[in-house]
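A short write-up of the structure that comes next.
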Amino acid sequence: MSGDAIPVELVGVRIELPTNQPIVLLREVGGPRYLPIWIGAGEATAIAFALEGVEPQRPLTHDLLRIVTETLGAGVDRVVITQLRDGIYYADLVLDRGTDGEVVVSSRPSDAIALAARTESPIFVAASVLDEASVEIEDEDEEAEVERFRDFLEDVTPEDFQSLD
């Protein structure tokens with residue numbers, strides 16, 4: 001793995017308004033940067049299912065890929081978002097074949113992330129990609145906002161929503 005790859009954690013899938021475009025959101029481990037990657041609806045569903053522990057009656061595409069990989073004696077070692085070129089993200093899926101070494105497979109980030117979510121594999125992003133495309137969100141601001149909302153919910157009553165006619 002390249003020395004400039006930074007570990008990130010999978011925050012989840014969000015919907016960007018007003019376009020209703022799904023986004024997978026990655027957060028720099030120990031840092032304030034977030035990387036939003038626009039993805040398709042099918043991949044968004046696959047990632048959300050994996051994060052929520054939903055097990056369909058029959059394997060979905062990413063479940064099948066996990067099963068095939070394991071059946072062939074490989075495991076997902078890591079996912080690396082390698083570059084951003086002309087607005088398109090690129091990723092490598094790094095498979096560990098034991099004594100046969102690693103195999104690197106080029107992948108769409110959304111597919112690689114969906115597989116990583118199913119195998120609990122680490123995700124990394126090239127430093128250059130984070131530098132170019134990430135946004136900074138101070139966790140303290142986010143936590144403070146959530147805390148204010150919780151306080152509001154504790155004190156709110158149905159009467160607070162009655163019309164003031």
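Each chain in the structure tokens gets a letter, A, B and so on, in the order shown; residues start at 1 in every chain, and ligands are counted from 1 in the order they appear.
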
Neighbouring residues of region 75-92 of chain A were defined as those with any atom within 8 Å, considering only C-alpha atoms; residues of the same chain fewer than 3 positions away were excluded. Please report them as a ChimeraX atom specification. /A:5,37,69-70,95-97,104-109,112-113,116,119,121-126,128-129

Just to be explicit: take each residue in the selection above, keep C-alpha atoms, and write the result as a PDB file, in the first residue's frame.
```pdb
ATOM      1  CA  ALA A   5      -2.964   6.567   1.943  1.00  0.00           C
ATOM      2  CA  ILE A  37     -18.594  10.390  -3.110  1.00  0.00           C
ATOM      3  CA  THR A  69     -13.814 -14.233  -3.173  1.00  0.00           C
ATOM      4  CA  GLU A  70     -13.887 -16.346  -0.018  1.00  0.00           C
ATOM      5  CA  LEU A  95      -7.320  -9.034  -2.181  1.00  0.00           C
ATOM      6  CA  ASP A  96      -5.117 -11.212   0.009  1.00  0.00           C
ATOM      7  CA  ARG A  97      -4.505 -14.685  -1.389  1.00  0.00           C
ATOM      8  CA  VAL A 104      -5.087  -5.577  -6.896  1.00  0.00           C
ATOM      9  CA  VAL A 105      -8.328  -5.145  -8.822  1.00  0.00           C
ATOM     10  CA  SER A 106      -9.430  -1.784 -10.191  1.00  0.00           C
ATOM     11  CA  SER A 107     -12.923  -0.968  -8.967  1.00  0.00           C
ATOM     12  CA  ARG A 108     -15.539   1.704  -8.691  1.00  0.00           C
ATOM     13  CA  PRO A 109     -15.282   3.113  -5.166  1.00  0.00           C
ATOM     14  CA  ALA A 112     -15.325  -1.605  -3.308  1.00  0.00           C
ATOM     15  CA  ILE A 113     -16.882   0.170  -0.307  1.00  0.00           C
ATOM     16  CA  ALA A 116     -15.539  -3.602   2.437  1.00  0.00           C
ATOM     17  CA  THR A 119     -16.109  -7.943   5.065  1.00  0.00           C
ATOM     18  CA  SER A 121     -12.189  -4.437   5.664  1.00  0.00           C
ATOM     19  CA  PRO A 122     -10.349  -1.143   6.144  1.00  0.00           C
ATOM     20  CA  ILE A 123     -10.780   1.724   3.700  1.00  0.00           C
ATOM     21  CA  PHE A 124      -8.021   4.175   2.791  1.00  0.00           C
ATOM     22  CA  VAL A 125      -7.933   7.319   0.657  1.00  0.00           C
ATOM     23  CA  ALA A 126      -4.887   8.707  -1.106  1.00  0.00           C
ATOM     24  CA  SER A 128      -3.924  13.789  -2.668  1.00  0.00           C
ATOM     25  CA  VAL A 129      -7.608  12.848  -3.052  1.00  0.00           C
TER      26      VAL A 129
END
```

Pick out the residues sitting within 8 Å of Arg14 (chain A), and hand them over as a count of residues only; count only C-alpha atoms, and ignore anything fewer than 5 positions along from it in its own chain. 4

Near Gly30 (chain A), within 10 Å and counting only C-alpha atoms, which residues show up once chain neighbours fewer than 4 positions away are dropped, as a PyMOL selection string? chain A and resi 7-9

Can I get the selection written as a PDB file, in the first residue's frame, with N, CA and C atoms?
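Dumped to again_25.pdb:
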```pdb
ATOM      1  N   PRO A   7      -6.207   6.341   6.461  1.00  0.00           N
ATOM      2  CA  PRO A   7      -7.374   5.528   6.831  1.00  0.00           C
ATOM      3  C   PRO A   7      -8.615   6.401   7.026  1.00  0.00           C
ATOM      4  N   VAL A   8      -9.743   5.864   6.569  1.00  0.00           N
ATOM      5  CA  VAL A   8     -11.026   6.539   6.744  1.00  0.00           C
ATOM      6  C   VAL A   8     -12.026   5.523   7.278  1.00  0.00           C
ATOM      7  N   GLU A   9     -13.087   6.042   7.852  1.00  0.00           N
ATOM      8  CA  GLU A   9     -14.162   5.166   8.298  1.00  0.00           C
ATOM      9  C   GLU A   9     -15.421   5.496   7.504  1.00  0.00           C
TER      10      GLU A   9
END
```

Residue nearest Ile6 (chain A) among A:Asp111, A:Glu120, A:Asp63, A:Glu28 (counting only C-alpha atoms):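 Answer, going by the shortest atom-to-atom distance: A:Glu28.
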
Could you check how far CA of Leu35 (chain A) sits from CA of Ile137 (chain A), in Å to one decimal?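 Separation between CA of Leu35 (chain A) and CA of Ile137 (chain A): 10.4 Å.
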
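Compared by their closest atoms to Leu72 (chain A), and using only C-alpha atoms, the residues A:Gly98, A:Pro32, A:Pro59, A:Pro18 rank with A:Gly98 nearest.
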
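Residues surrounding Tyr34 (chain A) within 6 Å are Leu26, Arg27, Ser134 and Val135 of chain A [only C-alpha atoms; sequence separation below 4 positions excluded].
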
Print the selection's residues with C-alpha atoms to a file, as an mmCIF file, in the first residue's frame.
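What landed in part_39.cif:
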```cif
data_model
loop_
_atom_site.group_PDB
_atom_site.id
_atom_site.type_symbol
_atom_site.label_atom_id
_atom_site.label_comp_id
_atom_site.auth_asym_id
_atom_site.auth_seq_id
_atom_site.Cartn_x
_atom_site.Cartn_y
_atom_site.Cartn_z
ATOM 1 C CA LEU A 26 -16.137 8.685 4.490
ATOM 2 C CA ARG A 27 -14.453 10.359 7.488
ATOM 3 C CA SER A 134 -12.617 16.574 1.182
ATOM 4 C CA VAL A 135 -14.618 18.994 3.276
#
```

Rounded to one decimal in Å, what is the spacing between CA of Ala127 (chain A) and CA of Leu10 (chain A)? 16.6 Å
